[in-house]
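Containing mmCIF, C-alpha atoms and all ligand atoms: coords.cif.
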```cif
data_upload
#
loop_
_atom_site.label_atom_id
_atom_site.label_comp_id
_atom_site.auth_asym_id
_atom_site.auth_seq_id
_atom_site.Cartn_x
_atom_site.Cartn_y
_atom_site.Cartn_z
CA MET U 18 -21.48 2.34 -34.44
CA ARG U 19 -23.17 -0.78 -35.82
CA ALA U 20 -23.70 -3.51 -33.26
CA VAL U 21 -25.52 -6.79 -32.60
CA TYR U 22 -28.20 -5.91 -30.04
CA TYR U 23 -30.88 -7.71 -28.05
CA ASP U 24 -33.46 -6.44 -25.58
CA ALA U 25 -34.97 -9.82 -24.66
CA PHE U 26 -33.42 -13.23 -24.05
CA GLN U 27 -33.97 -15.87 -26.75
CA LYS U 28 -35.31 -13.26 -29.20
CA LEU U 29 -33.29 -12.95 -32.42
CA PRO U 30 -30.82 -10.04 -32.02
CA THR U 31 -30.91 -7.15 -34.50
CA ILE U 32 -28.21 -4.93 -36.02
CA GLU U 33 -28.61 -1.45 -34.56
CA SER U 34 -26.85 1.87 -34.93
CA LEU U 35 -25.72 3.00 -31.46
CA LYS U 36 -23.61 5.74 -29.90
CA ASP U 37 -19.84 5.03 -29.91
CA PRO U 38 -18.44 4.26 -26.43
CA SER U 39 -15.89 6.56 -24.77
CA PRO U 40 -13.09 5.33 -22.48
CA SER U 41 -13.17 5.49 -18.66
CA PRO U 42 -10.11 7.20 -17.07
CA THR U 43 -8.21 3.89 -16.85
CA GLY U 44 -9.88 2.22 -19.84
CA ALA U 45 -9.55 2.12 -23.61
CA VAL U 46 -11.89 1.90 -26.59
CA VAL U 47 -10.89 -0.64 -29.22
CA LYS U 48 -12.00 -0.58 -32.84
CA VAL U 49 -12.98 -4.22 -33.27
CA GLU U 50 -11.49 -5.89 -36.35
CA ALA U 51 -12.51 -9.48 -35.60
CA THR U 52 -14.46 -11.19 -32.83
CA GLY U 53 -15.12 -14.85 -32.10
CA LEU U 54 -18.53 -16.44 -31.75
CA CYS U 55 -18.50 -18.63 -28.64
CA ARG U 56 -21.01 -20.88 -26.91
CA SER U 57 -20.79 -18.57 -23.87
CA ASP U 58 -22.41 -15.89 -26.04
CA TRP U 59 -25.24 -18.32 -26.70
CA HIS U 60 -25.59 -19.10 -22.96
CA GLY U 61 -25.80 -15.36 -22.30
CA TRP U 62 -28.44 -14.85 -24.99
CA MET U 63 -30.46 -17.77 -23.58
CA GLY U 64 -30.59 -16.00 -20.21
CA HIS U 65 -28.27 -18.43 -18.37
CA ASP U 66 -25.89 -15.70 -17.15
CA PRO U 67 -27.11 -13.56 -14.22
CA ASP U 68 -24.47 -10.88 -15.01
CA ILE U 69 -26.24 -9.80 -18.19
CA VAL U 70 -28.50 -6.75 -17.90
CA LEU U 71 -30.79 -6.00 -20.88
CA PRO U 72 -30.51 -4.45 -23.38
CA HIS U 73 -27.22 -6.07 -24.28
CA LEU U 74 -24.43 -6.38 -26.89
CA PRO U 75 -22.73 -9.80 -26.80
CA GLY U 76 -19.12 -10.67 -27.71
CA HIS U 77 -16.02 -11.33 -25.59
CA GLU U 78 -13.30 -12.74 -27.90
CA LEU U 79 -11.85 -9.81 -29.78
CA ALA U 80 -8.90 -8.22 -31.47
CA GLY U 81 -8.52 -4.76 -32.92
CA THR U 82 -6.75 -1.43 -32.74
CA ILE U 83 -6.95 1.12 -29.95
CA ALA U 84 -9.20 4.03 -30.94
CA ALA U 85 -9.08 6.04 -27.69
CA VAL U 86 -7.46 5.79 -24.24
CA GLY U 87 -8.48 7.21 -20.85
CA ARG U 88 -6.42 10.04 -19.35
CA GLU U 89 -4.73 7.76 -16.75
CA VAL U 90 -3.61 5.05 -19.23
CA LYS U 91 0.19 4.91 -19.49
CA ASN U 92 1.09 1.87 -21.62
CA TRP U 93 -1.12 2.25 -24.69
CA LYS U 94 -1.73 4.69 -27.52
CA VAL U 95 -4.16 5.04 -30.40
CA GLY U 96 -3.36 2.59 -33.19
CA ASP U 97 -1.82 -0.17 -31.03
CA ARG U 98 -2.93 -3.67 -32.07
CA VAL U 99 -4.35 -5.54 -29.09
CA THR U 100 -6.44 -8.34 -27.70
CA VAL U 101 -7.74 -8.93 -24.18
CA PRO U 102 -8.61 -11.94 -21.98
CA PHE U 103 -12.36 -12.34 -21.48
CA VAL U 104 -11.96 -11.42 -17.80
CA SER U 105 -10.38 -8.06 -17.04
CA GLY U 106 -9.00 -7.75 -13.51
CA CYS U 107 -9.22 -4.63 -11.33
CA GLY U 108 -5.61 -4.76 -10.11
CA HIS U 109 -6.30 -4.11 -6.43
CA CYS U 110 -8.39 -7.00 -5.00
CA PRO U 111 -6.74 -9.96 -3.17
CA GLU U 112 -6.87 -12.17 -6.30
CA CYS U 113 -5.31 -9.54 -8.56
CA SER U 114 -2.69 -8.82 -5.90
CA THR U 115 -1.58 -12.45 -6.09
CA GLY U 116 -1.56 -12.51 -9.91
CA HIS U 117 -4.94 -14.19 -10.46
CA HIS U 118 -6.59 -11.45 -12.47
CA HIS U 119 -8.77 -13.98 -14.31
CA ILE U 120 -10.77 -14.63 -11.11
CA CYS U 121 -10.74 -11.00 -9.90
CA ASP U 122 -13.29 -10.07 -7.22
CA ASN U 123 -14.42 -7.08 -9.30
CA GLN U 124 -14.01 -8.61 -12.74
CA VAL U 125 -15.20 -6.92 -15.89
CA GLN U 126 -16.28 -9.22 -18.71
CA PRO U 127 -17.14 -7.47 -21.97
CA GLY U 128 -20.20 -9.15 -23.45
CA PHE U 129 -21.41 -10.22 -19.98
CA THR U 130 -20.99 -7.61 -17.21
CA CYS U 131 -20.99 -4.82 -19.81
CA TRP U 132 -21.48 -4.39 -23.56
CA GLY U 133 -19.29 -6.57 -25.74
CA SER U 134 -17.48 -6.80 -29.04
CA PHE U 135 -20.14 -7.73 -31.63
CA ALA U 136 -19.84 -4.07 -32.56
CA GLU U 137 -17.54 -1.67 -34.36
CA PHE U 138 -16.20 -0.39 -31.01
CA VAL U 139 -15.91 -1.85 -27.50
CA ALA U 140 -14.91 -0.17 -24.23
CA LEU U 141 -12.36 -2.11 -22.13
CA GLU U 142 -11.48 -1.41 -18.49
CA TYR U 143 -8.12 -1.25 -16.63
CA ALA U 144 -6.28 -1.12 -19.95
CA ASP U 145 -2.73 -1.05 -18.54
CA LEU U 146 -3.34 -4.29 -16.68
CA ASN U 147 -5.41 -6.29 -19.13
CA LEU U 148 -4.62 -5.44 -22.74
CA VAL U 149 -2.17 -7.65 -24.61
CA ARG U 150 -0.06 -6.43 -27.53
CA LEU U 151 -0.37 -8.57 -30.64
CA PRO U 152 2.74 -9.74 -32.49
CA GLU U 153 3.01 -7.87 -35.81
CA THR U 154 2.74 -11.13 -37.70
CA MET U 155 -0.53 -12.22 -36.09
CA ALA U 156 -3.76 -11.61 -38.02
CA PHE U 157 -6.73 -10.10 -36.16
CA GLU U 158 -8.82 -13.14 -37.16
CA THR U 159 -6.34 -15.44 -35.40
CA ALA U 160 -6.01 -13.24 -32.33
CA ALA U 161 -9.79 -12.95 -31.96
CA GLY U 162 -9.99 -16.68 -31.30
CA LEU U 163 -7.47 -16.55 -28.44
CA GLY U 164 -9.16 -14.53 -25.68
CA CYS U 165 -11.56 -17.10 -24.33
CA ARG U 166 -11.40 -20.65 -25.59
CA PHE U 167 -7.71 -20.85 -26.51
CA VAL U 168 -6.37 -19.15 -23.38
CA THR U 169 -8.72 -21.09 -21.13
CA SER U 170 -7.48 -24.30 -22.75
CA PHE U 171 -3.85 -23.18 -22.45
CA SER U 172 -4.33 -22.51 -18.75
CA ALA U 173 -6.29 -25.76 -18.29
CA VAL U 174 -3.74 -27.98 -20.04
CA ILE U 175 -0.54 -26.33 -18.82
CA ASP U 176 -1.21 -24.35 -15.62
CA LYS U 177 -3.99 -26.41 -14.02
CA GLY U 178 -3.54 -29.78 -15.74
CA ARG U 179 0.29 -29.79 -15.57
CA CYS U 180 0.40 -31.72 -18.83
CA SER U 181 3.68 -33.62 -19.34
CA PRO U 182 5.25 -35.25 -22.40
CA GLY U 183 4.14 -38.83 -22.95
CA GLU U 184 1.03 -38.62 -20.80
CA TRP U 185 -2.37 -39.70 -22.02
CA VAL U 186 -4.76 -36.78 -22.20
CA ALA U 187 -8.49 -37.25 -22.91
CA VAL U 188 -10.43 -34.29 -24.29
CA HIS U 189 -14.21 -34.58 -24.15
CA GLY U 190 -15.91 -32.40 -26.76
CA CYS U 191 -14.29 -31.15 -29.98
CA GLY U 192 -15.69 -27.63 -30.23
CA GLY U 193 -13.45 -24.55 -29.92
CA VAL U 194 -12.25 -25.34 -26.39
CA GLY U 195 -11.66 -29.01 -27.11
CA LEU U 196 -9.77 -28.46 -30.37
CA SER U 197 -7.60 -25.85 -28.63
CA ALA U 198 -6.86 -28.28 -25.78
CA ILE U 199 -5.97 -31.04 -28.25
CA MET U 200 -3.54 -28.75 -30.09
CA ILE U 201 -1.92 -27.47 -26.88
CA ALA U 202 -1.58 -30.88 -25.19
CA SER U 203 -0.14 -32.35 -28.40
CA ALA U 204 2.38 -29.50 -28.58
CA MET U 205 3.41 -30.37 -25.01
CA GLY U 206 4.22 -33.91 -26.16
CA ALA U 207 1.15 -35.64 -24.72
CA GLN U 208 -0.82 -38.39 -26.46
CA VAL U 209 -4.29 -37.00 -26.92
CA ILE U 210 -7.56 -38.90 -27.25
CA ALA U 211 -10.40 -36.85 -28.74
CA VAL U 212 -13.98 -37.68 -27.75
CA ASP U 213 -17.09 -36.47 -29.56
CA LEU U 214 -20.31 -37.76 -31.07
CA THR U 215 -19.63 -37.26 -34.80
CA ASP U 216 -16.94 -38.72 -37.04
CA GLU U 217 -16.66 -35.35 -38.84
CA LYS U 218 -15.54 -33.55 -35.64
CA LEU U 219 -13.22 -36.42 -34.71
CA ALA U 220 -11.56 -36.34 -38.13
CA PHE U 221 -10.94 -32.60 -37.63
CA ALA U 222 -9.57 -33.33 -34.13
CA LYS U 223 -6.98 -35.64 -35.67
CA THR U 224 -5.71 -32.77 -37.81
CA MET U 225 -5.18 -30.84 -34.54
CA GLY U 226 -2.93 -33.62 -33.21
CA ALA U 227 -5.17 -36.25 -31.60
CA VAL U 228 -3.55 -39.71 -31.83
CA ALA U 229 -6.78 -41.60 -31.08
CA THR U 230 -10.49 -40.84 -31.22
CA VAL U 231 -13.58 -42.16 -29.43
CA ASN U 232 -17.06 -41.71 -30.89
CA GLY U 233 -19.38 -41.63 -27.89
CA SER U 234 -22.42 -42.34 -30.03
CA LYS U 235 -20.98 -45.75 -30.95
CA VAL U 236 -18.96 -47.02 -27.96
CA LYS U 237 -18.79 -46.59 -24.17
CA VAL U 238 -16.41 -43.65 -23.71
CA VAL U 239 -14.87 -44.67 -20.38
CA ASP U 240 -14.23 -48.27 -21.44
CA ALA U 241 -12.72 -47.16 -24.75
CA ILE U 242 -10.32 -44.71 -23.09
CA ARG U 243 -9.29 -47.29 -20.47
CA GLU U 244 -8.47 -49.73 -23.23
CA ILE U 245 -6.51 -47.26 -25.39
CA THR U 246 -4.50 -45.98 -22.42
CA GLY U 247 -4.01 -49.28 -20.62
CA GLY U 248 -5.75 -48.18 -17.43
CA GLY U 249 -6.93 -44.62 -17.82
CA ALA U 250 -5.88 -41.11 -18.80
CA HIS U 251 -3.44 -39.06 -16.71
CA LEU U 252 -5.28 -35.86 -17.49
CA SER U 253 -8.83 -35.42 -18.74
CA ILE U 254 -10.64 -32.27 -19.78
CA ASP U 255 -14.37 -31.73 -20.11
CA ALA U 256 -14.34 -29.19 -22.90
CA LEU U 257 -18.10 -29.29 -23.45
CA GLY U 258 -19.70 -28.65 -20.07
CA HIS U 259 -22.36 -31.30 -19.54
CA SER U 260 -23.18 -33.63 -16.64
CA ALA U 261 -22.44 -36.68 -18.82
CA THR U 262 -19.10 -35.48 -20.22
CA ALA U 263 -17.95 -34.26 -16.79
CA MET U 264 -18.73 -37.70 -15.34
CA ASN U 265 -16.98 -39.49 -18.21
CA SER U 266 -13.97 -37.22 -17.81
CA VAL U 267 -13.54 -38.10 -14.13
CA ARG U 268 -14.29 -41.80 -14.63
CA CYS U 269 -11.80 -42.26 -17.49
CA LEU U 270 -8.84 -41.23 -15.30
CA ARG U 271 -6.23 -43.55 -13.87
CA LYS U 272 -5.32 -43.32 -10.17
CA ARG U 273 -4.07 -39.86 -9.15
CA GLY U 274 -5.37 -38.52 -12.46
CA ARG U 275 -6.36 -34.88 -12.94
CA HIS U 276 -9.73 -33.65 -14.24
CA VAL U 277 -10.03 -30.06 -15.41
CA GLN U 278 -13.50 -28.61 -16.02
CA VAL U 279 -13.37 -26.03 -18.79
CA GLY U 280 -16.80 -26.28 -20.46
CA LEU U 281 -19.27 -24.10 -18.58
CA MET U 282 -21.69 -25.98 -16.33
CA LEU U 283 -24.86 -23.92 -16.43
CA ALA U 284 -28.62 -24.36 -16.07
CA GLU U 285 -29.48 -28.02 -15.33
CA HIS U 286 -25.76 -29.01 -15.35
CA ALA U 287 -24.70 -26.59 -12.60
CA ARG U 288 -24.93 -29.27 -9.88
CA ALA U 289 -23.65 -32.29 -11.81
CA ALA U 290 -23.17 -35.57 -9.91
CA MET U 291 -19.58 -36.68 -9.24
CA PRO U 292 -18.26 -40.13 -8.20
CA MET U 293 -16.87 -38.90 -4.88
CA ASP U 294 -16.11 -42.46 -3.68
CA LYS U 295 -13.71 -42.94 -6.60
CA ILE U 296 -12.30 -39.42 -6.28
CA ILE U 297 -11.22 -40.26 -2.71
CA ALA U 298 -10.07 -43.84 -3.28
CA HIS U 299 -8.05 -42.95 -6.38
CA GLU U 300 -6.88 -39.55 -5.15
CA ILE U 301 -8.35 -37.87 -8.21
CA GLU U 302 -7.70 -34.16 -8.58
CA ILE U 303 -10.48 -31.85 -9.80
CA LYS U 304 -9.90 -28.27 -10.91
CA GLY U 305 -11.88 -25.59 -12.66
CA SER U 306 -10.39 -23.35 -15.31
CA HIS U 307 -11.78 -19.87 -15.92
CA GLY U 308 -9.63 -18.06 -18.46
CA MET U 309 -6.07 -16.84 -18.14
CA GLN U 310 -4.34 -13.71 -16.94
CA ALA U 311 -2.89 -11.21 -19.42
CA HIS U 312 0.55 -11.77 -17.88
CA ARG U 313 0.49 -15.44 -19.00
CA TYR U 314 -0.09 -14.47 -22.66
CA PRO U 315 3.61 -14.03 -23.57
CA ALA U 316 4.30 -17.76 -22.98
CA MET U 317 1.44 -18.67 -25.29
CA LEU U 318 2.28 -16.03 -27.91
CA GLN U 319 5.87 -17.27 -28.05
CA MET U 320 4.68 -20.81 -28.77
CA ILE U 321 2.44 -19.40 -31.52
CA GLU U 322 5.24 -17.31 -33.04
CA ARG U 323 7.51 -20.38 -33.09
CA GLY U 324 4.78 -22.35 -34.87
CA LEU U 325 4.37 -24.86 -32.01
CA LEU U 326 0.76 -23.73 -31.68
CA GLN U 327 -1.25 -22.77 -34.76
CA PRO U 328 -4.55 -21.30 -33.56
CA GLN U 329 -5.35 -20.12 -37.10
CA LYS U 330 -6.06 -23.78 -37.90
CA LEU U 331 -9.02 -23.67 -35.51
CA VAL U 332 -10.91 -21.09 -37.53
CA GLY U 333 -13.78 -22.84 -39.29
CA LYS U 334 -15.43 -19.93 -41.08
CA HIS U 335 -15.66 -16.16 -41.30
CA ILE U 336 -18.98 -14.34 -41.22
CA SER U 337 -20.08 -10.69 -41.24
CA LEU U 338 -21.64 -8.72 -38.38
CA ALA U 339 -24.97 -8.90 -40.25
CA GLU U 340 -24.78 -12.72 -40.20
CA ALA U 341 -23.98 -12.87 -36.47
CA PRO U 342 -27.53 -12.84 -35.01
CA VAL U 343 -28.61 -16.01 -36.82
CA ALA U 344 -25.25 -17.70 -36.15
CA LEU U 345 -25.52 -16.83 -32.44
CA ALA U 346 -28.98 -18.32 -32.15
CA ALA U 347 -27.78 -21.52 -33.87
CA MET U 348 -24.81 -22.10 -31.50
CA ASP U 349 -26.62 -24.88 -29.63
CA LYS U 350 -26.78 -27.06 -32.75
CA PHE U 351 -22.99 -27.73 -32.80
CA GLU U 352 -22.92 -27.62 -36.59
CA GLY U 353 -19.70 -27.36 -38.58
CA THR U 354 -16.13 -27.67 -37.34
CA GLY U 355 -13.86 -25.09 -35.78
CA ILE U 356 -14.34 -21.55 -34.52
CA THR U 357 -16.54 -19.00 -36.28
CA ILE U 358 -14.96 -15.54 -36.54
CA ILE U 359 -16.99 -12.41 -37.19
CA LYS U 360 -15.13 -9.85 -39.32
CA VAL U 361 -16.36 -6.45 -38.22
ZN ZN B 401 -9.19 -7.69 -8.96
ZN ZN B 402 -15.92 -17.59 -25.13
#
```
Would you mind writing the structure in this file as structure tokens?
Amino acid sequence: MRAVYYDAFQKLPTIESLKDPSPSPTGAVVKVEATGLCRSDWHGWMGHDPDIVLPHLPGHELAGTIAAVGREVKNWKVGDRVTVPFVSGCGHCPECSTGHHHICDNQVQPGFTCWGSFAEFVALEYADLNLVRLPETMAFETAAGLGCRFVTSFSAVIDKGRCSPGEWVAVHGCGGVGLSAIMIASAMGAQVIAVDLTDEKLAFAKTMGAVATVNGSKVKVVDAIREITGGGAHLSIDALGHSATAMNSVRCLRKRGRHVQVGLMLAEHARAAMPMDKIIAHEIEIKGSHGMQAHRYPAMLQMIERGLLQPQKLVGKHISLAEAPVALAAMDKFEGTGITIIKV
């Protein structure tokens, strides 16, 4: 198979011809049709993720058709159209036993703990538990954008953030996660304020449903949100993952507000400062969000099928596998709007 390959961090990946994977007894091999390019792939390539063992194939947001199944797999057959959350649960640890497969003690993350989906084929583990059947009407390019940023945002806005109609929701950062969160919170009936540093990204955020925007390069973010909301947001999401945006997200909340951290906090941001005095005095709630279980997908897929959520609008551009190495290396520049999808 052809695949995007690297044997050193921060060195431009190459396209290599490698042996096709074969399924484990409980796993499946998927022929990748489309796969999303995510900032987590860039973090991995930079060497920020201790799970990655070189040499490596990145890629964790994927959709395709099943090419082979292990002998113990019961629910799937060759040809089924599927996607998968970026964390696959084992099914037998305490977290999986209580339904929290996305924070499994033995989690498998294609593109991090094992080889990923920037390839013609990818091996997935615990197929019966983790694969998700795609609606017939959903394109692979749309489904590929769901498995990481969209599901993490869905879980952050709805499951962790408990977003309610009429609430003010601030979303800091208008990349893939932020745009997804804006769309989902808007669909829930919230009033969403998009925050970013460029007018181009904020204009795109408005097309996703934001009712107000704040350009952090021009005004003080916390003051602007307090003014728009008349005292602070009910729910705020750091969709970027930076010490400054995390701080703004907590500080822009009203009393008893909820902050959800979705953007990864790595390298120098891993121990970001927090205003603990205010968190206590205002009874602020802080939660992390790390993906979503396969069993929560049907709720999201139903909203997509009804047209309440339109993740296809988030796709900014399509590129080929051959274009992926350069695009991966450029992920830190935050250029363009929307999600980049690699058509394999
Ligand atoms: Zn588990
Ligand atoms: Zn991702």
Requested in this report: Please identify all polymer residues within 8 Å of region 356-361 of chain U, counting all atoms listed in the file, omitting same-chain residues fewer than 3 positions from it, and present them as a PyMOL selection string.
Outcome: chain U and resi 49-55+135-137+158+161-162+192-193+331-338+341
**Report entry** Contact residues around Gly324 (chain U) with all atoms listed in the file at 12 Å, ignoring same-chain residues under 6 positions, as an MDAnalysis selection string
**Finding:** chainID U and resid 154:155 200:201 204 317:318 330
**Report entry** Env. residues ligand ZN 401 (chain B) / 12 Å / only C-alpha atoms and all ligand atoms / as number ranges by chain
**Finding:** U: 104-125, 142-143, 146-147, 310
Output file for the selection above: C-alpha atoms, as a PDB file, in the frame of the given file:
```pdb
ATOM      1  CA  VAL U 104     -11.960 -11.420 -17.800  1.00  0.00           C
ATOM      2  CA  SER U 105     -10.380  -8.060 -17.040  1.00  0.00           C
ATOM      3  CA  GLY U 106      -9.000  -7.750 -13.510  1.00  0.00           C
ATOM      4  CA  CYS U 107      -9.220  -4.630 -11.330  1.00  0.00           C
ATOM      5  CA  GLY U 108      -5.610  -4.760 -10.110  1.00  0.00           C
ATOM      6  CA  HIS U 109      -6.300  -4.110  -6.430  1.00  0.00           C
ATOM      7  CA  CYS U 110      -8.390  -7.000  -5.000  1.00  0.00           C
ATOM      8  CA  PRO U 111      -6.740  -9.960  -3.170  1.00  0.00           C
ATOM      9  CA  GLU U 112      -6.870 -12.170  -6.300  1.00  0.00           C
ATOM     10  CA  CYS U 113      -5.310  -9.540  -8.560  1.00  0.00           C
ATOM     11  CA  SER U 114      -2.690  -8.820  -5.900  1.00  0.00           C
ATOM     12  CA  THR U 115      -1.580 -12.450  -6.090  1.00  0.00           C
ATOM     13  CA  GLY U 116      -1.560 -12.510  -9.910  1.00  0.00           C
ATOM     14  CA  HIS U 117      -4.940 -14.190 -10.460  1.00  0.00           C
ATOM     15  CA  HIS U 118      -6.590 -11.450 -12.470  1.00  0.00           C
ATOM     16  CA  HIS U 119      -8.770 -13.980 -14.310  1.00  0.00           C
ATOM     17  CA  ILE U 120     -10.770 -14.630 -11.110  1.00  0.00           C
ATOM     18  CA  CYS U 121     -10.740 -11.000  -9.900  1.00  0.00           C
ATOM     19  CA  ASP U 122     -13.290 -10.070  -7.220  1.00  0.00           C
ATOM     20  CA  ASN U 123     -14.420  -7.080  -9.300  1.00  0.00           C
ATOM     21  CA  GLN U 124     -14.010  -8.610 -12.740  1.00  0.00           C
ATOM     22  CA  VAL U 125     -15.200  -6.920 -15.890  1.00  0.00           C
ATOM     23  CA  GLU U 142     -11.480  -1.410 -18.490  1.00  0.00           C
ATOM     24  CA  TYR U 143      -8.120  -1.250 -16.630  1.00  0.00           C
ATOM     25  CA  LEU U 146      -3.340  -4.290 -16.680  1.00  0.00           C
ATOM     26  CA  ASN U 147      -5.410  -6.290 -19.130  1.00  0.00           C
ATOM     27  CA  GLN U 310      -4.340 -13.710 -16.940  1.00  0.00           C
TER      28      GLN U 310
END
```
Sorted by chain and rising residue number, which residues of chain U lie within 10 Å of ligand ZN 402 (chain B), and what are their closest atom pairs and distances in Å to one decimal, counting only C-alpha atoms and all ligand atoms, as a Markdown table?
```
| residue | atom | partner | partner_atom | distance |
| --- | --- | --- | --- | --- |
| U:Gly53 | CA | B:ZN402 | ZN | 7.5 |
| U:Leu54 | CA | B:ZN402 | ZN | 7.2 |
| U:Cys55 | CA | B:ZN402 | ZN | 4.5 |
| U:Arg56 | CA | B:ZN402 | ZN | 6.3 |
| U:Ser57 | CA | B:ZN402 | ZN | 5.1 |
| U:Asp58 | CA | B:ZN402 | ZN | 6.8 |
| U:Trp59 | CA | B:ZN402 | ZN | 9.5 |
| U:Gly76 | CA | B:ZN402 | ZN | 8.0 |
| U:His77 | CA | B:ZN402 | ZN | 6.3 |
| U:Glu78 | CA | B:ZN402 | ZN | 6.2 |
| U:Leu79 | CA | B:ZN402 | ZN | 9.9 |
| U:Pro102 | CA | B:ZN402 | ZN | 9.8 |
| U:Phe103 | CA | B:ZN402 | ZN | 7.3 |
| U:Gly128 | CA | B:ZN402 | ZN | 9.6 |
| U:Gly162 | CA | B:ZN402 | ZN | 8.6 |
| U:Leu163 | CA | B:ZN402 | ZN | 9.1 |
| U:Gly164 | CA | B:ZN402 | ZN | 7.4 |
| U:Cys165 | CA | B:ZN402 | ZN | 4.5 |
| U:Arg166 | CA | B:ZN402 | ZN | 5.5 |
| U:Phe167 | CA | B:ZN402 | ZN | 8.9 |
| U:Val168 | CA | B:ZN402 | ZN | 9.8 |
| U:Thr169 | CA | B:ZN402 | ZN | 8.9 |
| U:Gly193 | CA | B:ZN402 | ZN | 8.8 |
| U:Val194 | CA | B:ZN402 | ZN | 8.7 |
| U:Gly280 | CA | B:ZN402 | ZN | 9.9 |
| U:Leu281 | CA | B:ZN402 | ZN | 9.8 |
| U:Gly308 | CA | B:ZN402 | ZN | 9.2 |
```
Go ahead and write the residues just picked, C-alpha atoms, as a short mmCIF file (atom, residue, chain, number, x, y, z; two decimals), in the coordinates of the input.
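Result file part_8.cif:
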```cif
data_model
loop_
_atom_site.label_atom_id
_atom_site.label_comp_id
_atom_site.auth_asym_id
_atom_site.auth_seq_id
_atom_site.Cartn_x
_atom_site.Cartn_y
_atom_site.Cartn_z
CA GLY U 53 -15.12 -14.85 -32.10
CA LEU U 54 -18.53 -16.44 -31.75
CA CYS U 55 -18.50 -18.63 -28.64
CA ARG U 56 -21.01 -20.88 -26.91
CA SER U 57 -20.79 -18.57 -23.87
CA ASP U 58 -22.41 -15.89 -26.04
CA TRP U 59 -25.24 -18.32 -26.70
CA GLY U 76 -19.12 -10.67 -27.71
CA HIS U 77 -16.02 -11.33 -25.59
CA GLU U 78 -13.30 -12.74 -27.90
CA LEU U 79 -11.85 -9.81 -29.78
CA PRO U 102 -8.61 -11.94 -21.98
CA PHE U 103 -12.36 -12.34 -21.48
CA GLY U 128 -20.20 -9.15 -23.45
CA GLY U 162 -9.99 -16.68 -31.30
CA LEU U 163 -7.47 -16.55 -28.44
CA GLY U 164 -9.16 -14.53 -25.68
CA CYS U 165 -11.56 -17.10 -24.33
CA ARG U 166 -11.40 -20.65 -25.59
CA PHE U 167 -7.71 -20.85 -26.51
CA VAL U 168 -6.37 -19.15 -23.38
CA THR U 169 -8.72 -21.09 -21.13
CA GLY U 193 -13.45 -24.55 -29.92
CA VAL U 194 -12.25 -25.34 -26.39
CA GLY U 280 -16.80 -26.28 -20.46
CA LEU U 281 -19.27 -24.10 -18.58
CA GLY U 308 -9.63 -18.06 -18.46
#
```
Query raised in the report: Could you work out how far CA of Leu141 (chain U) lies from CA of Gly87 (chain U), giving the answer in Å with one decimal?
Result: 10.2 Å
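Here CA of Thr262 (chain U) is placed at a distance of 17.1 Å from CA of Val174 (chain U).
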Restore N, CA and C atoms in region 170-181 of chain U and list the result as an mmCIF file, in the coordinates of the input.
```
data_model
loop_
_atom_site.group_PDB
_atom_site.id
_atom_site.type_symbol
_atom_site.label_atom_id
_atom_site.label_comp_id
_atom_site.auth_asym_id
_atom_site.auth_seq_id
_atom_site.Cartn_x
_atom_site.Cartn_y
_atom_site.Cartn_z
ATOM 1 N N SER U 170 -8.058 -22.970 -22.513
ATOM 2 C CA SER U 170 -7.480 -24.300 -22.750
ATOM 3 C C SER U 170 -5.995 -24.318 -22.408
ATOM 4 N N PHE U 171 -5.285 -23.257 -22.761
ATOM 5 C CA PHE U 171 -3.850 -23.180 -22.450
ATOM 6 C C PHE U 171 -3.642 -23.270 -20.938
ATOM 7 N N SER U 172 -4.430 -22.488 -20.209
ATOM 8 C CA SER U 172 -4.330 -22.510 -18.750
ATOM 9 C C SER U 172 -4.751 -23.860 -18.182
ATOM 10 N N ALA U 173 -5.787 -24.469 -18.784
ATOM 11 C CA ALA U 173 -6.290 -25.760 -18.290
ATOM 12 C C ALA U 173 -5.268 -26.868 -18.515
ATOM 13 N N VAL U 174 -4.678 -26.898 -19.689
ATOM 14 C CA VAL U 174 -3.740 -27.980 -20.040
ATOM 15 C C VAL U 174 -2.413 -27.791 -19.309
ATOM 16 N N ILE U 175 -1.904 -26.559 -19.300
ATOM 17 C CA ILE U 175 -0.540 -26.330 -18.820
ATOM 18 C C ILE U 175 -0.512 -25.898 -17.349
ATOM 19 N N ASP U 176 -1.289 -24.871 -16.990
ATOM 20 C CA ASP U 176 -1.210 -24.350 -15.620
ATOM 21 C C ASP U 176 -1.973 -25.231 -14.630
ATOM 22 N N LYS U 177 -3.210 -25.595 -14.960
ATOM 23 C CA LYS U 177 -3.990 -26.410 -14.020
ATOM 24 C C LYS U 177 -3.731 -27.902 -14.219
ATOM 25 N N GLY U 178 -3.669 -28.348 -15.469
ATOM 26 C CA GLY U 178 -3.540 -29.780 -15.740
ATOM 27 C C GLY U 178 -2.118 -30.313 -15.638
ATOM 28 N N ARG U 179 -1.126 -29.406 -15.670
ATOM 29 C CA ARG U 179 0.290 -29.790 -15.570
ATOM 30 C C ARG U 179 0.635 -30.916 -16.554
ATOM 31 N N CYS U 180 0.209 -30.722 -17.780
ATOM 32 C CA CYS U 180 0.400 -31.720 -18.830
ATOM 33 C C CYS U 180 1.890 -31.987 -19.075
ATOM 34 N N SER U 181 2.271 -33.253 -19.126
ATOM 35 C CA SER U 181 3.680 -33.620 -19.340
ATOM 36 C C SER U 181 3.820 -34.462 -20.604
#
```
